[in-house]
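Quick look at target.txt (compact mmCIF, C-alpha atoms):
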# COMPACT_ATOMS: atom_id res chain seq x y z
CA MET A 547 -8.23 -47.32 -71.20
CA ASN A 548 -5.37 -45.30 -69.74
CA ALA A 549 -4.64 -45.50 -66.04
CA PRO A 550 -5.33 -42.31 -64.06
CA PRO A 551 -2.24 -40.16 -63.44
CA ARG A 552 -0.33 -40.50 -60.19
CA ALA A 553 -0.07 -37.63 -57.74
CA SER A 554 3.68 -37.39 -58.41
CA GLU A 555 2.97 -36.95 -62.14
CA LEU A 556 0.67 -34.06 -61.25
CA GLY A 557 3.33 -32.51 -58.99
CA MET A 558 1.38 -33.18 -55.77
CA MET A 559 1.80 -35.15 -52.55
CA SER A 560 -0.09 -35.24 -49.26
CA CYS A 561 0.92 -35.16 -45.62
CA HIS A 562 0.28 -38.58 -44.03
CA VAL A 563 -0.82 -36.90 -40.77
CA CYS A 564 -3.10 -33.97 -41.63
CA ARG A 565 -3.68 -34.91 -45.32
CA LEU A 566 -2.75 -31.45 -46.59
CA VAL A 567 -1.95 -31.58 -50.33
CA THR A 568 1.35 -29.87 -51.10
CA ALA A 569 3.76 -29.54 -54.00
CA TYR A 570 5.65 -32.77 -54.75
CA THR A 571 9.18 -32.94 -53.37
CA GLU A 572 11.80 -35.63 -52.81
CA ASP A 573 13.64 -33.53 -50.24
CA PRO A 574 14.16 -35.85 -47.20
CA HIS A 575 14.08 -32.80 -44.90
CA ALA A 576 10.78 -31.37 -46.20
CA HIS A 577 8.05 -30.74 -43.64
CA CYS A 578 4.32 -30.14 -43.88
CA PRO A 579 3.60 -26.39 -43.78
CA ARG A 580 0.47 -26.98 -41.69
CA CYS A 581 1.34 -29.60 -39.04
CA GLY A 582 5.13 -29.65 -39.30
CA ASN A 583 5.47 -33.43 -39.80
CA ALA A 584 8.02 -34.82 -42.23
CA LEU A 585 6.81 -35.19 -45.81
CA HIS A 586 7.55 -38.38 -47.70
CA VAL A 587 6.18 -40.04 -50.80
CA ARG A 588 6.04 -43.42 -49.04
CA LYS A 589 6.46 -44.40 -45.39
CA ARG A 590 10.12 -45.22 -44.82
CA GLY A 591 10.76 -48.82 -43.82
CA SER A 592 7.06 -49.61 -44.11
CA ILE A 593 7.45 -53.23 -45.22
CA ALA A 594 10.18 -54.10 -42.71
CA ARG A 595 8.28 -52.58 -39.77
CA ALA A 596 5.00 -54.20 -40.76
CA TRP A 597 6.65 -57.64 -41.10
CA ALA A 598 8.45 -57.29 -37.76
CA LEU A 599 5.29 -56.30 -35.90
CA LEU A 600 3.22 -58.99 -37.60
CA ALA A 601 5.79 -61.68 -36.74
CA ALA A 602 5.90 -60.51 -33.12
CA ALA A 603 2.09 -60.63 -32.96
CA ALA A 604 2.09 -64.20 -34.32
CA ILE A 605 4.61 -65.24 -31.65
CA PHE A 606 2.57 -63.68 -28.83
CA TYR A 607 -0.61 -65.28 -30.20
CA ILE A 608 0.65 -68.70 -29.11
CA PRO A 609 0.82 -67.97 -25.34
CA ALA A 610 -2.36 -65.90 -25.68
CA ASN A 611 -4.17 -69.14 -26.56
CA VAL A 612 -2.17 -71.53 -24.38
CA PHE A 613 -2.19 -69.58 -21.11
CA PRO A 614 -5.47 -69.08 -19.19
CA ILE A 615 -7.15 -65.72 -19.58
CA MET A 616 -9.24 -65.78 -16.40
CA ARG A 617 -9.82 -67.68 -13.16
CA THR A 618 -13.29 -68.20 -11.71
CA GLN A 619 -13.38 -68.94 -8.00
CA SER A 620 -16.21 -69.91 -5.66
CA LEU A 621 -16.50 -71.81 -2.37
CA SER A 622 -16.62 -75.18 -4.11
CA SER A 623 -14.45 -74.75 -7.19
CA LYS A 624 -11.66 -72.89 -8.94
CA ASP A 625 -11.45 -72.92 -12.74
CA ASP A 626 -8.79 -71.47 -15.05
CA ASN A 627 -9.99 -70.89 -18.61
CA THR A 628 -8.08 -70.33 -21.81
CA ILE A 629 -9.77 -68.56 -24.72
CA LEU A 630 -11.07 -71.82 -26.21
CA SER A 631 -12.16 -73.35 -22.90
CA GLY A 632 -13.82 -70.05 -21.98
CA ILE A 633 -15.77 -70.15 -25.25
CA ALA A 634 -16.85 -73.73 -24.47
CA GLU A 635 -17.91 -72.66 -20.95
CA LEU A 636 -20.00 -69.80 -22.34
CA TRP A 637 -21.68 -72.22 -24.74
CA ARG A 638 -22.44 -74.74 -21.97
CA ALA A 639 -23.66 -71.97 -19.67
CA GLY A 640 -26.41 -71.07 -22.14
CA SER A 641 -24.77 -68.07 -23.83
CA PRO A 642 -24.13 -69.32 -27.39
CA GLY A 643 -24.40 -65.82 -28.83
CA LEU A 644 -21.65 -64.49 -26.57
CA ALA A 645 -19.57 -67.61 -27.27
CA VAL A 646 -19.82 -67.01 -31.03
CA ILE A 647 -18.88 -63.34 -30.61
CA VAL A 648 -15.83 -64.17 -28.49
CA PHE A 649 -14.78 -66.97 -30.90
CA THR A 650 -15.04 -64.57 -33.83
CA ALA A 651 -13.13 -61.76 -32.12
CA SER A 652 -10.50 -63.98 -30.48
CA ILE A 653 -9.83 -66.65 -33.10
CA ILE A 654 -11.24 -65.78 -36.52
CA VAL A 655 -10.38 -62.06 -36.60
CA PRO A 656 -6.71 -62.38 -35.51
CA VAL A 657 -6.09 -65.26 -37.94
CA LEU A 658 -7.72 -63.26 -40.76
CA LYS A 659 -5.53 -60.28 -39.93
CA PHE A 660 -2.37 -62.45 -40.01
CA VAL A 661 -3.36 -63.94 -43.38
CA ILE A 662 -4.46 -60.66 -44.99
CA MET A 663 -1.47 -58.64 -43.78
CA GLY A 664 0.90 -61.41 -44.85
CA TYR A 665 -0.73 -61.52 -48.29
CA LEU A 666 -0.56 -57.75 -48.71
CA LEU A 667 3.11 -57.62 -47.70
CA VAL A 668 4.10 -60.50 -49.98
CA SER A 669 2.18 -59.04 -52.94
CA VAL A 670 3.82 -55.63 -52.44
CA GLN A 671 7.30 -57.16 -52.18
CA ARG A 672 6.69 -59.06 -55.40
CA SER A 673 5.61 -55.81 -57.10
CA SER A 674 2.28 -57.33 -58.01
CA GLY A 675 -0.24 -55.05 -59.68
CA PHE A 676 -2.91 -57.78 -59.62
CA VAL A 677 -6.37 -56.88 -58.24
CA ALA A 678 -5.12 -53.71 -56.58
CA LYS A 679 -8.64 -52.52 -55.76
CA GLN A 680 -9.45 -55.76 -53.95
CA ARG A 681 -6.19 -55.60 -51.99
CA ALA A 682 -6.95 -52.01 -50.98
CA ARG A 683 -10.34 -53.18 -49.70
CA LEU A 684 -8.67 -55.96 -47.74
CA TYR A 685 -6.43 -53.38 -46.07
CA ARG A 686 -9.43 -51.23 -45.14
CA PHE A 687 -11.10 -54.36 -43.73
CA VAL A 688 -8.07 -55.03 -41.51
CA GLU A 689 -8.21 -51.46 -40.24
CA LEU A 690 -11.95 -51.71 -39.60
CA VAL A 691 -11.93 -54.95 -37.60
CA GLY A 692 -8.76 -54.17 -35.69
CA TYR A 693 -10.55 -52.20 -32.99
CA TRP A 694 -12.97 -55.05 -32.26
CA SER A 695 -10.19 -57.53 -31.48
CA MET A 696 -10.02 -56.30 -27.88
CA LEU A 697 -13.44 -57.83 -27.22
CA ASP A 698 -11.94 -60.74 -25.26
CA VAL A 699 -10.35 -58.34 -22.77
CA PHE A 700 -13.66 -56.49 -22.42
CA VAL A 701 -15.51 -59.79 -21.80
CA VAL A 702 -13.15 -60.67 -18.94
CA ALA A 703 -13.73 -57.23 -17.40
CA ILE A 704 -17.51 -57.55 -17.73
CA LEU A 705 -17.55 -61.08 -16.28
CA SER A 706 -15.41 -59.91 -13.39
CA ALA A 707 -17.89 -57.15 -12.61
CA LEU A 708 -20.89 -59.51 -12.84
CA VAL A 709 -19.41 -62.25 -10.70
CA HIS A 710 -18.42 -59.78 -8.00
CA PHE A 711 -22.12 -59.31 -7.32
CA LYS A 712 -22.29 -62.93 -6.16
CA ILE A 713 -21.27 -63.64 -2.58
CA LEU A 714 -17.91 -65.39 -2.19
CA SER A 715 -17.36 -65.62 -5.96
CA ARG A 716 -14.87 -63.76 -8.10
CA VAL A 717 -13.10 -63.68 -11.45
CA GLU A 718 -9.42 -62.83 -11.85
CA PRO A 719 -7.68 -61.96 -15.14
CA LEU A 720 -4.67 -64.16 -15.88
CA PRO A 721 -1.57 -63.74 -18.11
CA GLY A 722 -3.38 -64.88 -21.26
CA VAL A 723 -5.28 -61.58 -21.31
CA VAL A 724 -2.01 -59.64 -21.31
CA TYR A 725 -0.61 -61.68 -24.21
CA PHE A 726 -3.84 -61.28 -26.16
CA GLY A 727 -3.79 -57.53 -25.57
CA VAL A 728 -0.22 -57.42 -26.88
CA VAL A 729 -1.31 -59.35 -30.00
CA VAL A 730 -4.09 -56.83 -30.67
CA VAL A 731 -1.76 -53.85 -30.25
CA LEU A 732 0.97 -55.38 -32.45
CA THR A 733 -1.43 -56.26 -35.28
CA MET A 734 -2.88 -52.75 -35.18
CA LEU A 735 0.62 -51.25 -35.29
CA SER A 736 1.52 -53.57 -38.18
CA ALA A 737 -1.49 -52.34 -40.17
CA MET A 738 -0.64 -48.73 -39.31
CA SER A 739 3.00 -49.23 -40.38
CA PHE A 740 2.01 -50.67 -43.73
CA ASP A 741 1.75 -48.02 -46.44
CA PRO A 742 -1.33 -48.89 -48.57
CA ARG A 743 -0.03 -46.66 -51.34
CA LEU A 744 2.50 -49.41 -52.08
CA ILE A 745 -0.39 -51.53 -53.36
CA TRP A 746 -0.67 -49.21 -56.34
CA ASP A 747 3.05 -49.29 -57.16
CA ASN A 748 4.25 -51.69 -59.81
CA ARG A 749 7.76 -51.73 -58.43
CA LYS A 750 9.43 -52.83 -55.21
CA SER A 751 9.31 -50.19 -52.49
CA GLN A 752 10.86 -50.33 -49.09
Step by step, read the file and then write its structure as structure tokens.
Amino acid sequence: MNAPPRASELGMMSCHVCRLVTAYTEDPHAHCPRCGNALHVRKRGSIARAWALLAAAAIFYIPANVFPIMRTQSLSSKDDNTILSGIAELWRAGSPGLAVIVFTASIIVPVLKFVIMGYLLVSVQRSSGFVAKQRARLYRFVELVGYWSMLDVFVVAILSALVHFKILSRVEPLPGVVYFGVVVVLTMLSAMSFDPRLIWDNRKSQ
């Protein structure tokens, strides 16, 4: 069974911003007639940018887990919690459901995104045409879950608001939240920088 024709073979290409389909061109100065953005067959420097952002996210993920994300203070105690110790505290406090949600969003999802993005980038660099449909689905999965990775930051904000209702008790966000927020932003930018059309190419593209 013959493979379906590519857009370039049909003399078409689309704008990556407004998705307008236009006549195919390799002119580096071509612009979309509707939104004015530059037209290109593939995102320039897609692989290099995605790798750089993914590596930066992996580096920031270390302090995000090592440094405390919040401090709980009362008259009798003061506790600093990292992501993992915070999950353990939620479990001990009788909120296993919230603990599982935070563990999934803070540990499982970021690690999955690192693994999947790394796999996609390596497979594209090796010009692999293997299971392209499955790899395209993996990329869509990374895009889908990316927005839920900020859940840890939202939990700190919610806990801060709840504890403030108690007299002489408070919760303060600590540097770990900032590092985790940076990780989320960098992984999202890495996924956005990656050009999924490279998955369907059987040659190296930069």
Self-check item: Contact residues around stretch 729-731 of chain A with only C-alpha atoms at 6 Å, ignoring same-chain residues under 5 positions, as a list in words
Solution: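 The residues that qualify are Ala603, Phe606 and Tyr607 of chain A.
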Self-check item: Selected residue of minimal separation from A:Phe649 among A:Val677, A:Ile633, A:Val723, A:Leu666, counting only C-alpha atoms
Solution: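 Going through A:Val677, A:Ile633, A:Val723, A:Leu666 one by one, the smallest distance to A:Phe649 is for A:Ile633.
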Quiz item: Near stretch 596-599 of chain A, within 6 Å and counting only C-alpha atoms, which residues show up once chain neighbours fewer than 4 positions away are dropped, as a list in words?
Solution: Leu732, Ser736, Ser739 and Phe740 of chain A
What would the file look like if the residues just selected were written as an mmCIF file, in the frame of the given file with C-alpha atoms?
data_model
loop_
_atom_site.group_PDB
_atom_site.id
_atom_site.type_symbol
_atom_site.label_atom_id
_atom_site.label_comp_id
_atom_site.auth_asym_id
_atom_site.auth_seq_id
_atom_site.Cartn_x
_atom_site.Cartn_y
_atom_site.Cartn_z
ATOM 1 C CA LEU A 732 0.970 -55.380 -32.450
ATOM 2 C CA SER A 736 1.520 -53.570 -38.180
ATOM 3 C CA SER A 739 3.000 -49.230 -40.380
ATOM 4 C CA PHE A 740 2.010 -50.670 -43.730
#
Self-check item: Contacts of stretch 576-592 of chain A at 7 Å (all atoms listed in the file; same-chain gap of 6+ positions) as a list in words
Solution: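 Result of the neighbour search: Met559, Cys561, Cys564, Ser739, Phe740, Asp741 and Gln752 of chain A.
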Quiz prompt | Counting all atoms listed in the file, the option among A:Met734, A:Gly632, A:Pro609, A:Glu572 closest to A:Leu644 | solution = A:Gly632
Quiz item: Expressed in Å to a single decimal, how great is the separation between atom CA of A:Ala601 and atom CA of A:Leu684?
Solution: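 Between atom CA of A:Ala601 and atom CA of A:Leu684 the gap is 19.0 Å.
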Quiz item: So what do you get for atom CA of A:Ala604 versus atom CA of A:Phe660, distance-wise?
Solution: 7.4 Å
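Of the residues listed (A:Arg683, A:Asp573, A:Ala553, A:Gly722), A:Gly722 shows the shortest atom-to-atom separation from A:Leu630; distances use only C-alpha atoms.
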Quiz item: Pick from A:Ile629, A:Ala594, A:Ala602, A:Ala569: nearest to A:Pro721, with only C-alpha atoms counted?
Solution: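 Under the stated criterion, the closest residue is A:Ile629.
We find atom CA of A:Gly727 and atom CA of A:Leu690 to be spaced 17.2 Å apart.
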Quiz item: Pick from A:Ala639, A:Ile593, A:Ala678, A:Val691: nearest to A:Ile654, with only C-alpha atoms counted?
Solution: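 Selected residue with least distance to A:Ile654: A:Val691.
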Self-check item: Residue among A:Gly664, A:Ala645, A:Leu720, A:Ala737 lying closest to A:Phe687, counting all atoms listed in the file
Solution: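 When distances to A:Phe687 are compared using all atoms listed in the file, the smallest one comes from A:Ala737.
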Which polymer residues, whether protein, DNA or RNA, lie within 8 Å of the coordinate (-3.9, -72.2, -24.6) when you count only C-alpha atoms? List them as a compact mmCIF listing (two decimals) with C-alpha atoms, keeping the file's coordinate frame, using the chain letters and numbers from the file.
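Result saved to part_35.txt:
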# COMPACT_ATOMS: atom_id res chain seq x y z
CA ILE A 608 0.65 -68.70 -29.11
CA PRO A 609 0.82 -67.97 -25.34
CA ALA A 610 -2.36 -65.90 -25.68
CA ASN A 611 -4.17 -69.14 -26.56
CA VAL A 612 -2.17 -71.53 -24.38
CA PHE A 613 -2.19 -69.58 -21.11
CA PRO A 614 -5.47 -69.08 -19.19
CA THR A 628 -8.08 -70.33 -21.81
CA ILE A 629 -9.77 -68.56 -24.72
CA LEU A 630 -11.07 -71.82 -26.21
Because the input lacks atoms here, generate all heavy atoms for stretch 678-689 of chain A and report them as an mmCIF file, keeping the file's coordinate frame.
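Final output, part36.cif:
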data_model
loop_
_atom_site.group_PDB
_atom_site.id
_atom_site.type_symbol
_atom_site.label_atom_id
_atom_site.label_comp_id
_atom_site.auth_asym_id
_atom_site.auth_seq_id
_atom_site.Cartn_x
_atom_site.Cartn_y
_atom_site.Cartn_z
ATOM 1 N N ALA A 678 -5.515 -54.734 -57.551
ATOM 2 C CA ALA A 678 -5.120 -53.710 -56.580
ATOM 3 C C ALA A 678 -6.315 -53.186 -55.789
ATOM 4 O O ALA A 678 -6.220 -52.935 -54.591
ATOM 5 C CB ALA A 678 -4.411 -52.559 -57.302
ATOM 6 N N LYS A 679 -7.455 -53.030 -56.451
ATOM 7 C CA LYS A 679 -8.640 -52.520 -55.760
ATOM 8 C C LYS A 679 -9.069 -53.463 -54.643
ATOM 9 O O LYS A 679 -9.412 -53.041 -53.534
ATOM 10 C CB LYS A 679 -9.801 -52.326 -56.741
ATOM 11 C CG LYS A 679 -9.713 -51.063 -57.574
ATOM 12 C CD LYS A 679 -10.984 -50.867 -58.377
ATOM 13 C CE LYS A 679 -10.926 -49.568 -59.179
ATOM 14 N NZ LYS A 679 -12.172 -49.360 -59.962
ATOM 15 N N GLN A 680 -9.053 -54.773 -54.945
ATOM 16 C CA GLN A 680 -9.450 -55.760 -53.950
ATOM 17 C C GLN A 680 -8.472 -55.779 -52.767
ATOM 18 O O GLN A 680 -8.882 -55.921 -51.606
ATOM 19 C CB GLN A 680 -9.548 -57.150 -54.581
ATOM 20 C CG GLN A 680 -10.783 -57.370 -55.447
ATOM 21 C CD GLN A 680 -10.692 -56.653 -56.784
ATOM 22 O OE1 GLN A 680 -9.636 -56.141 -57.149
ATOM 23 N NE2 GLN A 680 -11.796 -56.606 -57.515
ATOM 24 N N ARG A 681 -7.181 -55.619 -53.072
ATOM 25 C CA ARG A 681 -6.190 -55.600 -51.990
ATOM 26 C C ARG A 681 -6.351 -54.359 -51.128
ATOM 27 O O ARG A 681 -6.178 -54.411 -49.904
ATOM 28 C CB ARG A 681 -4.783 -55.680 -52.572
ATOM 29 C CG ARG A 681 -4.438 -57.079 -53.078
ATOM 30 C CD ARG A 681 -2.984 -57.181 -53.475
ATOM 31 N NE ARG A 681 -2.720 -56.433 -54.693
ATOM 32 C CZ ARG A 681 -1.575 -55.815 -54.959
ATOM 33 N NH1 ARG A 681 -0.597 -55.814 -54.065
ATOM 34 N NH2 ARG A 681 -1.395 -55.182 -56.093
ATOM 35 N N ALA A 682 -6.697 -53.229 -51.753
ATOM 36 C CA ALA A 682 -6.950 -52.010 -50.980
ATOM 37 C C ALA A 682 -8.154 -52.194 -50.059
ATOM 38 O O ALA A 682 -8.163 -51.734 -48.915
ATOM 39 C CB ALA A 682 -7.170 -50.829 -51.925
ATOM 40 N N ARG A 683 -9.168 -52.910 -50.538
ATOM 41 C CA ARG A 683 -10.340 -53.180 -49.700
ATOM 42 C C ARG A 683 -9.976 -54.105 -48.545
ATOM 43 O O ARG A 683 -10.489 -53.953 -47.423
ATOM 44 C CB ARG A 683 -11.447 -53.813 -50.549
ATOM 45 C CG ARG A 683 -12.121 -52.815 -51.504
ATOM 46 C CD ARG A 683 -13.123 -53.506 -52.392
ATOM 47 N NE ARG A 683 -13.670 -52.571 -53.385
ATOM 48 C CZ ARG A 683 -14.103 -52.946 -54.572
ATOM 49 N NH1 ARG A 683 -14.061 -54.208 -54.931
ATOM 50 N NH2 ARG A 683 -14.600 -52.044 -55.402
ATOM 51 N N LEU A 684 -9.112 -55.067 -48.811
ATOM 52 C CA LEU A 684 -8.670 -55.960 -47.740
ATOM 53 C C LEU A 684 -7.951 -55.165 -46.646
ATOM 54 O O LEU A 684 -8.137 -55.421 -45.445
ATOM 55 C CB LEU A 684 -7.729 -57.035 -48.299
ATOM 56 C CG LEU A 684 -8.379 -58.167 -49.083
ATOM 57 C CD1 LEU A 684 -7.301 -59.079 -49.670
ATOM 58 C CD2 LEU A 684 -9.323 -58.972 -48.199
ATOM 59 N N TYR A 685 -7.130 -54.202 -47.060
ATOM 60 C CA TYR A 685 -6.430 -53.380 -46.070
ATOM 61 C C TYR A 685 -7.416 -52.565 -45.248
ATOM 62 O O TYR A 685 -7.279 -52.464 -44.023
ATOM 63 C CB TYR A 685 -5.429 -52.453 -46.763
ATOM 64 C CG TYR A 685 -4.747 -51.519 -45.794
ATOM 65 C CD1 TYR A 685 -3.763 -51.987 -44.935
ATOM 66 C CD2 TYR A 685 -5.109 -50.171 -45.719
ATOM 67 C CE1 TYR A 685 -3.150 -51.141 -44.025
ATOM 68 C CE2 TYR A 685 -4.495 -49.324 -44.818
ATOM 69 C CZ TYR A 685 -3.519 -49.818 -43.975
ATOM 70 O OH TYR A 685 -2.915 -48.984 -43.060
ATOM 71 N N ARG A 686 -8.419 -51.995 -45.883
ATOM 72 C CA ARG A 686 -9.430 -51.230 -45.140
ATOM 73 C C ARG A 686 -10.207 -52.136 -44.189
ATOM 74 O O ARG A 686 -10.601 -51.717 -43.095
ATOM 75 C CB ARG A 686 -10.377 -50.522 -46.117
ATOM 76 C CG ARG A 686 -9.732 -49.335 -46.832
ATOM 77 C CD ARG A 686 -10.764 -48.454 -47.495
ATOM 78 N NE ARG A 686 -11.412 -49.111 -48.618
ATOM 79 C CZ ARG A 686 -10.962 -49.078 -49.872
ATOM 80 N NH1 ARG A 686 -9.838 -48.412 -50.149
ATOM 81 N NH2 ARG A 686 -11.605 -49.681 -50.840
ATOM 82 N N PHE A 687 -10.422 -53.398 -44.604
ATOM 83 C CA PHE A 687 -11.100 -54.360 -43.730
ATOM 84 C C PHE A 687 -10.269 -54.635 -42.482
ATOM 85 O O PHE A 687 -10.797 -54.691 -41.366
ATOM 86 C CB PHE A 687 -11.345 -55.665 -44.499
ATOM 87 C CG PHE A 687 -11.833 -56.790 -43.642
ATOM 88 C CD1 PHE A 687 -13.155 -56.839 -43.222
ATOM 89 C CD2 PHE A 687 -10.971 -57.807 -43.246
ATOM 90 C CE1 PHE A 687 -13.609 -57.880 -42.417
ATOM 91 C CE2 PHE A 687 -11.414 -58.857 -42.446
ATOM 92 C CZ PHE A 687 -12.734 -58.889 -42.036
ATOM 93 N N VAL A 688 -8.953 -54.799 -42.657
ATOM 94 C CA VAL A 688 -8.070 -55.030 -41.510
ATOM 95 C C VAL A 688 -8.128 -53.845 -40.554
ATOM 96 O O VAL A 688 -8.173 -54.017 -39.331
ATOM 97 C CB VAL A 688 -6.623 -55.269 -41.990
ATOM 98 C CG1 VAL A 688 -5.648 -55.242 -40.819
ATOM 99 C CG2 VAL A 688 -6.523 -56.594 -42.703
ATOM 100 N N GLU A 689 -8.107 -52.645 -41.084
ATOM 101 C CA GLU A 689 -8.210 -51.460 -40.240
ATOM 102 C C GLU A 689 -9.542 -51.411 -39.497
ATOM 103 O O GLU A 689 -9.604 -51.055 -38.321
ATOM 104 C CB GLU A 689 -8.061 -50.196 -41.094
ATOM 105 C CG GLU A 689 -6.635 -49.846 -41.465
ATOM 106 C CD GLU A 689 -6.524 -48.443 -42.013
ATOM 107 O OE1 GLU A 689 -7.385 -48.084 -42.852
ATOM 108 O OE2 GLU A 689 -5.631 -47.702 -41.600
#
